[in-house]
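Visitor: I'd like to ask you about the structure that follows.
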Amino acid sequence: MGLVETYMYYANRSQIIITRTEPVEWRRNQADMDIGSRPVPNTTIAFEEALGGRRIDKVTYKFGGSGLREIPASVQGGPYRVVFFGCSFMFGHGVEDDQTLPYYFVRAARGTFEGFNFAGDGWGPHQMLREIETGFISRVAGTPELAIYEAIPDHLRRVAGRAPWEDGPKYDLCPDKQACYSGQYHSADYATCRRWLDRSWIVRFFESHSEKLSQPSDLPLYLAVLKRTRTLLEENGTRFVIVLWDQNELANTIMKALKANQFDVIALSSIFPERDLKNGLLTQLDRHPSPATNQEIAAYLWKQVGEPLVDAKHPR
């Protein structure tokens, strides 16, 4: 087994990104919430990535008392509140606290918004819905005026529970086609086991070659989760906006379905030129958004969504 691991390491290290954190265990399942592994509150994490033996980034993650990725206090304001949802794209994988999309949006708001980053590495819309259903959002952020969810096509398989790391909340389609919570996909023990398996180059190789990717048949459950999310948010007067990375055919199918269901959705292709979308200029080597990309998306969202909201409440 050791020889196979060694072979797999040298055969694949130029293709697979190695992640290191200090401390190693910075996420855990918390007894009072059933949304899966979450960052430990009041911690600071040193995060590094390497590819082919070369370090490609080294950043710091800071988490506040609620376990949310911090948006530096220097840009926070009020009286309005905005909450951000999504996966590692919105969380800010591989970038500093002052390089995330939430940071840039709140900075662009020039003291009119307080922001809360509820996104998480490897998450999907089912974690977002469970955060709302359990009252976690209201306990931390009160009643926000605006909610922004950053969507990618991979979220379809995550909400269906097919991502290897998935330990979040499980939703099924009820007879009335609504999303019904039915427990968790896996236990806390599974999450611990996964962290150990993720260290194996054999496991990484076989998983990368046998991925159960998102597919159109996942759309009904995905849409049901988003509809339930929208309903709960709008009941309290929160506007729900989706930003979709529409770079492939499946994303185009998702976009059509979202528009058909009257979601407030913005396509990434409406923000960036087609050449940037196709040439991979928007992401870093780890395939997550670069700081410049986060800033550009945030600036667009502020102009199209945030600033009009402020102007509507306080006309100039």
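Identifiers in the structure tokens: chain A, B, ... in order shown; residue index from 1 per chain; ligand index from 1 in order shown.
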If we count only C-alpha atoms, what is near Gly111 in chain A at a cut-off of 9 Å, once residues fewer than 6 positions away on the same chain are taken out, given as a PDB file with N, CA and C atoms, in the first residue's frame?

Guide:
ATOM      1  N   VAL A  75     -14.573  48.184   6.888  1.00  0.00           N
ATOM      2  CA  VAL A  75     -15.496  48.531   5.804  1.00  0.00           C
ATOM      3  C   VAL A  75     -16.962  48.342   6.194  1.00  0.00           C
ATOM      4  N   GLN A  76     -17.208  47.793   7.380  1.00  0.00           N
ATOM      5  CA  GLN A  76     -18.589  47.527   7.789  1.00  0.00           C
ATOM      6  C   GLN A  76     -19.329  48.829   8.100  1.00  0.00           C
ATOM      7  N   GLY A  77     -20.643  48.811   7.835  1.00  0.00           N
ATOM      8  CA  GLY A  77     -21.446  49.998   8.099  1.00  0.00           C
ATOM      9  C   GLY A  77     -22.874  49.641   8.448  1.00  0.00           C
ATOM     10  N   GLY A  78     -23.818  50.466   8.052  1.00  0.00           N
ATOM     11  CA  GLY A  78     -25.228  50.278   8.347  1.00  0.00           C
ATOM     12  C   GLY A  78     -25.997  51.460   7.771  1.00  0.00           C
ATOM     13  N   PRO A  79     -27.316  51.455   7.812  1.00  0.00           N
ATOM     14  CA  PRO A  79     -28.167  50.585   8.634  1.00  0.00           C
ATOM     15  C   PRO A  79     -28.602  49.300   7.957  1.00  0.00           C
TER      16      PRO A  79
END

Visitor: Would you list, as an MDAnalysis selection string, the residues of range 80-239 of chain A that end up in strand (DSSP E) under DSSP run on this structure's backbone?

Guide: chainID A and resid 80:85 113:117 146:151 169:173 179:184 239

Visitor: Could those residues be written to a file, using N, CA, C and O atoms, as a tab-separated table (two decimals), in the first residue's frame?

Guide:
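Below is the file part.tsv, written as the result:
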chain	number	residue	atom	x	y	z
A	80	TYR	N	-28.21	49.10	6.67
A	80	TYR	CA	-28.68	47.94	5.93
A	80	TYR	C	-27.76	46.75	6.15
A	80	TYR	O	-26.58	46.90	6.45
A	81	ARG	N	-28.34	45.56	5.94
A	81	ARG	CA	-27.58	44.32	6.12
A	81	ARG	C	-27.69	43.45	4.88
A	81	ARG	O	-28.77	43.36	4.27
A	82	VAL	N	-26.59	42.82	4.52
A	82	VAL	CA	-26.56	41.92	3.38
A	82	VAL	C	-25.91	40.61	3.81
A	82	VAL	O	-24.89	40.61	4.52
A	83	VAL	N	-26.50	39.49	3.40
A	83	VAL	CA	-25.95	38.17	3.72
A	83	VAL	C	-25.52	37.50	2.42
A	83	VAL	O	-26.16	37.66	1.38
A	84	PHE	N	-24.42	36.77	2.49
A	84	PHE	CA	-23.85	36.12	1.31
A	84	PHE	C	-23.85	34.61	1.51
A	84	PHE	O	-23.48	34.11	2.58
A	85	PHE	N	-24.25	33.88	0.47
A	85	PHE	CA	-24.33	32.42	0.52
A	85	PHE	C	-23.58	31.81	-0.66
A	85	PHE	O	-23.39	32.45	-1.69
A	113	PHE	N	-23.85	49.40	4.36
A	113	PHE	CA	-24.21	48.00	4.59
A	113	PHE	C	-23.28	47.32	5.60
A	113	PHE	O	-22.07	47.58	5.60
A	114	GLU	N	-23.88	46.45	6.41
A	114	GLU	CA	-23.12	45.51	7.21
A	114	GLU	C	-23.26	44.14	6.55
A	114	GLU	O	-24.38	43.73	6.21
A	115	GLY	N	-22.15	43.45	6.33
A	115	GLY	CA	-22.18	42.19	5.60
A	115	GLY	C	-21.87	40.99	6.46
A	115	GLY	O	-21.13	41.08	7.45
A	116	PHE	N	-22.42	39.83	6.06
A	116	PHE	CA	-22.22	38.57	6.77
A	116	PHE	C	-21.97	37.47	5.73
A	116	PHE	O	-22.83	37.22	4.88
A	117	ASN	N	-20.81	36.82	5.82
A	117	ASN	CA	-20.43	35.78	4.86
A	117	ASN	C	-20.82	34.41	5.41
A	117	ASN	O	-20.08	33.80	6.19
A	146	LEU	N	-30.96	42.27	2.00
A	146	LEU	CA	-30.48	41.67	0.76
A	146	LEU	C	-29.75	40.36	1.04
A	146	LEU	O	-29.00	40.25	2.01
A	147	ALA	N	-29.98	39.35	0.19
A	147	ALA	CA	-29.27	38.08	0.25
A	147	ALA	C	-28.73	37.76	-1.14
A	147	ALA	O	-29.48	37.82	-2.12
A	148	ILE	N	-27.44	37.42	-1.24
A	148	ILE	CA	-26.80	37.13	-2.52
A	148	ILE	C	-26.22	35.73	-2.47
A	148	ILE	O	-25.41	35.40	-1.59
A	149	TYR	N	-26.62	34.88	-3.41
A	149	TYR	CA	-26.14	33.50	-3.50
A	149	TYR	C	-25.35	33.34	-4.80
A	149	TYR	O	-25.85	33.63	-5.88
A	150	GLU	N	-24.09	32.89	-4.69
A	150	GLU	CA	-23.25	32.66	-5.86
A	150	GLU	C	-23.33	31.18	-6.24
A	150	GLU	O	-22.96	30.30	-5.46
A	151	ALA	N	-23.84	30.91	-7.43
A	151	ALA	CA	-24.13	29.54	-7.86
A	151	ALA	C	-23.16	29.06	-8.93
A	151	ALA	O	-22.77	29.83	-9.83
A	169	PRO	N	-26.93	18.89	5.21
A	169	PRO	CA	-28.34	18.53	5.36
A	169	PRO	C	-28.90	17.87	4.10
A	169	PRO	O	-28.55	18.25	2.98
A	170	LYS	N	-29.76	16.90	4.30
A	170	LYS	CA	-30.36	16.16	3.19
A	170	LYS	C	-31.79	16.64	2.98
A	170	LYS	O	-32.59	16.71	3.92
A	171	TYR	N	-32.10	16.94	1.73
A	171	TYR	CA	-33.46	17.35	1.36
A	171	TYR	C	-34.00	16.39	0.31
A	171	TYR	O	-33.26	15.95	-0.59
A	172	ASP	N	-35.28	16.08	0.43
A	172	ASP	CA	-35.97	15.26	-0.56
A	172	ASP	C	-37.10	16.06	-1.16
A	172	ASP	O	-37.58	17.05	-0.58
A	173	LEU	N	-37.56	15.61	-2.32
A	173	LEU	CA	-38.72	16.23	-2.94
A	173	LEU	C	-39.97	15.60	-2.34
A	173	LEU	O	-40.20	14.40	-2.43
A	179	ALA	N	-39.14	21.17	-1.17
A	179	ALA	CA	-37.96	20.59	-0.53
A	179	ALA	C	-38.26	20.32	0.94
A	179	ALA	O	-38.62	21.23	1.68
A	180	CYS	N	-38.11	19.05	1.34
A	180	CYS	CA	-38.38	18.66	2.73
A	180	CYS	C	-37.09	18.15	3.37
A	180	CYS	O	-36.42	17.27	2.83
A	181	TYR	N	-36.76	18.72	4.51
A	181	TYR	CA	-35.56	18.29	5.24
A	181	TYR	C	-35.75	16.88	5.78
A	181	TYR	O	-36.80	16.55	6.34
A	182	SER	N	-34.72	16.03	5.62
A	182	SER	CA	-34.83	14.64	6.06
A	182	SER	C	-33.58	14.15	6.78
A	182	SER	O	-33.19	12.99	6.65
A	183	GLY	N	-32.92	15.03	7.52
A	183	GLY	CA	-31.73	14.62	8.27
A	183	GLY	C	-30.45	15.07	7.59
A	183	GLY	O	-30.44	16.02	6.81
A	184	GLN	N	-29.35	14.36	7.88
A	184	GLN	CA	-28.07	14.68	7.27
A	184	GLN	C	-27.63	13.55	6.34
A	184	GLN	O	-28.00	12.39	6.54
A	239	ARG	N	-34.61	40.65	-0.18
A	239	ARG	CA	-34.48	40.38	-1.62
A	239	ARG	C	-33.43	39.30	-1.84
A	239	ARG	O	-32.33	39.37	-1.28

Visitor: DSSP on the backbone: what in range 147-290 of chain A comes out helix (DSSP H, G or I), as a PyMOL selection string?

Guide: chain A and resi 155-159+188-197+201-208+216-235+249-260+268-270+274-278

Visitor: Rounded to one decimal, what separation in Å do you get between CA of Lys177 in chain A and CA of Leu226 in chain A?

Guide: 12.1 Å

Visitor: Which polymer residues have any atom within 12 Å of an atom of Trp302 in chain A, counting only C-alpha atoms, with same-chain residues fewer than 6 positions away left out, as a ChimeraX atom specification?

Guide: /A:82,101-110,112-113,146,148,241,295-296,308-311

Visitor: Leaving out Ile45 in chain A and any residue of its chain fewer than 6 positions from it, which residues lie within 12 Å of it when counting only C-alpha atoms, given as a list in words?

Guide: Arg20, Thr21, Glu22, Pro23, Val24, Glu25, Trp26, Arg27, Pro39, Lys58, Val59, Thr60, Tyr61, Lys62, Phe63, Gly64, Arg69, Glu70, Gly94, Glu96 and Asp97 of chain A

Visitor: For range 243-291 of chain A versus range 230-237 of chain A, which residues have an atom no more than 12 Å away, and what is each residue's nearest atom pair and distance in Å rounded to one decimal, using only C-alpha atoms, chain-then-number order, as a tab-separated table?

Guide:
residue	atom	partner	partner_atom	distance
A:Leu258	CA	A:Arg230	CA	11.9
A:Asn261	CA	A:Arg230	CA	11.2
A:Gln262	CA	A:Arg230	CA	10.6
A:Phe263	CA	A:Arg230	CA	8.5
A:Asp264	CA	A:Arg230	CA	9.8

Visitor: Quick one: write out the picked residues with C-alpha atoms as a compact mmCIF listing (two decimals), in the first residue's frame?

Guide:
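Done, and the output landed in selection-v4.txt:
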# COMPACT_ATOMS: atom_id res chain seq x y z
CA LEU A 258 -34.10 29.87 -12.95
CA ASN A 261 -39.21 30.16 -12.21
CA GLN A 262 -38.91 33.95 -11.89
CA PHE A 263 -35.69 34.01 -9.89
CA ASP A 264 -33.74 37.26 -9.68

Visitor: State, in Å with one decimal place, the distance from CA of Ile266 in chain A to CA of Leu301 in chain A.

Guide: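 Pair CA of Ile266 in chain A / CA of Leu301 in chain A returns 8.9 Å.
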
Visitor: Just to confirm, what's the straight-line distance from CA of Ala50 in chain A to CA of Trp245 in chain A in Å (one decimal)?

Guide: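 Separating CA of Ala50 in chain A from CA of Trp245 in chain A is a distance of 25.3 Å.
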
Visitor: Would you list the contacts of Asn252 in chain A as a PDB file with N, CA and C atoms, in the first residue's frame, taking every protein, DNA or RNA residue within 12 Å and counting only C-alpha atoms, but skipping same-chain residues closer than 3 positions in sequence?

Guide:
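Written out: around_8.pdb:
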ATOM      1  N   ILE A 152     -22.787  27.787  -8.866  1.00  0.00           N
ATOM      2  CA  ILE A 152     -22.004  27.123  -9.902  1.00  0.00           C
ATOM      3  C   ILE A 152     -22.707  25.811 -10.235  1.00  0.00           C
ATOM      4  N   PRO A 153     -22.518  25.267 -11.438  1.00  0.00           N
ATOM      5  CA  PRO A 153     -23.213  24.034 -11.820  1.00  0.00           C
ATOM      6  C   PRO A 153     -22.957  22.852 -10.880  1.00  0.00           C
ATOM      7  N   PRO A 216     -28.742  17.279 -15.453  1.00  0.00           N
ATOM      8  CA  PRO A 216     -30.049  17.943 -15.497  1.00  0.00           C
ATOM      9  C   PRO A 216     -31.105  17.286 -14.615  1.00  0.00           C
ATOM     10  N   LEU A 244     -24.912  33.501 -11.220  1.00  0.00           N
ATOM     11  CA  LEU A 244     -24.604  32.173 -11.763  1.00  0.00           C
ATOM     12  C   LEU A 244     -23.395  32.208 -12.690  1.00  0.00           C
ATOM     13  N   TRP A 245     -22.444  31.310 -12.444  1.00  0.00           N
ATOM     14  CA  TRP A 245     -21.302  31.120 -13.343  1.00  0.00           C
ATOM     15  C   TRP A 245     -21.801  30.299 -14.540  1.00  0.00           C
ATOM     16  N   ASP A 246     -22.123  30.988 -15.613  1.00  0.00           N
ATOM     17  CA  ASP A 246     -22.737  30.331 -16.783  1.00  0.00           C
ATOM     18  C   ASP A 246     -21.703  30.086 -17.874  1.00  0.00           C
ATOM     19  N   GLN A 247     -20.821  29.115 -17.639  1.00  0.00           N
ATOM     20  CA  GLN A 247     -19.714  28.878 -18.560  1.00  0.00           C
ATOM     21  C   GLN A 247     -19.827  27.581 -19.354  1.00  0.00           C
ATOM     22  N   ASN A 248     -20.892  26.811 -19.166  1.00  0.00           N
ATOM     23  CA  ASN A 248     -21.039  25.576 -19.932  1.00  0.00           C
ATOM     24  C   ASN A 248     -22.513  25.313 -20.236  1.00  0.00           C
ATOM     25  N   GLU A 249     -22.779  24.229 -20.935  1.00  0.00           N
ATOM     26  CA  GLU A 249     -24.138  23.941 -21.373  1.00  0.00           C
ATOM     27  C   GLU A 249     -25.075  23.675 -20.204  1.00  0.00           C
ATOM     28  N   MET A 255     -29.690  28.314 -16.013  1.00  0.00           N
ATOM     29  CA  MET A 255     -30.135  29.694 -16.188  1.00  0.00           C
ATOM     30  C   MET A 255     -31.561  29.746 -16.727  1.00  0.00           C
ATOM     31  N   LYS A 256     -31.848  28.928 -17.727  1.00  0.00           N
ATOM     32  CA  LYS A 256     -33.202  28.903 -18.304  1.00  0.00           C
ATOM     33  C   LYS A 256     -34.228  28.489 -17.253  1.00  0.00           C
ATOM     34  N   ALA A 257     -33.863  27.493 -16.426  1.00  0.00           N
ATOM     35  CA  ALA A 257     -34.787  27.027 -15.390  1.00  0.00           C
ATOM     36  C   ALA A 257     -35.008  28.095 -14.325  1.00  0.00           C
ATOM     37  N   LEU A 258     -33.963  28.807 -13.950  1.00  0.00           N
ATOM     38  CA  LEU A 258     -34.097  29.866 -12.949  1.00  0.00           C
ATOM     39  C   LEU A 258     -34.986  30.999 -13.465  1.00  0.00           C
ATOM     40  N   LYS A 259     -34.774  31.385 -14.711  1.00  0.00           N
ATOM     41  CA  LYS A 259     -35.587  32.454 -15.285  1.00  0.00           C
ATOM     42  C   LYS A 259     -37.041  32.017 -15.429  1.00  0.00           C
ATOM     43  N   ALA A 267     -26.297  36.561 -14.717  1.00  0.00           N
ATOM     44  CA  ALA A 267     -25.309  35.662 -15.322  1.00  0.00           C
ATOM     45  C   ALA A 267     -23.925  36.300 -15.290  1.00  0.00           C
ATOM     46  N   LEU A 268     -22.928  35.488 -15.024  1.00  0.00           N
ATOM     47  CA  LEU A 268     -21.560  36.008 -15.014  1.00  0.00           C
ATOM     48  C   LEU A 268     -21.192  36.581 -16.383  1.00  0.00           C
ATOM     49  N   SER A 269     -21.787  36.021 -17.449  1.00  0.00           N
ATOM     50  CA  SER A 269     -21.499  36.499 -18.803  1.00  0.00           C
ATOM     51  C   SER A 269     -22.005  37.907 -19.043  1.00  0.00           C
TER      52      SER A 269
END

Visitor: Please identify all polymer residues within 9 Å of Gln127 in chain A, counting only C-alpha atoms, omitting same-chain residues fewer than 3 positions from it, and present them as a PyMOL selection string.

Guide: chain A and resi 34-36+85-86+119-120+123-124+130-132+159+168-169

Visitor: Compile the contact shell of Gly122 in chain A as a CSV table (one decimal) with C-alpha atoms, in the first residue's frame: residues with an atom at most 9 Å away, counting only C-alpha atoms, same-chain residues fewer than 6 positions apart removed.

Guide:
chain,number,residue,atom,x,y,z
A,86,GLY,CA,-22.5,29.8,-1.6
A,87,CYS,CA,-19.5,27.6,-1.7
A,88,SER,CA,-15.8,28.2,-1.7
A,155,HIS,CA,-24.1,22.7,-6.7
A,158,ARG,CA,-24.0,18.6,-4.0
A,163,ALA,CA,-20.1,15.1,-3.7
A,165,TRP,CA,-17.1,15.2,1.0
A,166,GLU,CA,-20.8,15.9,1.5
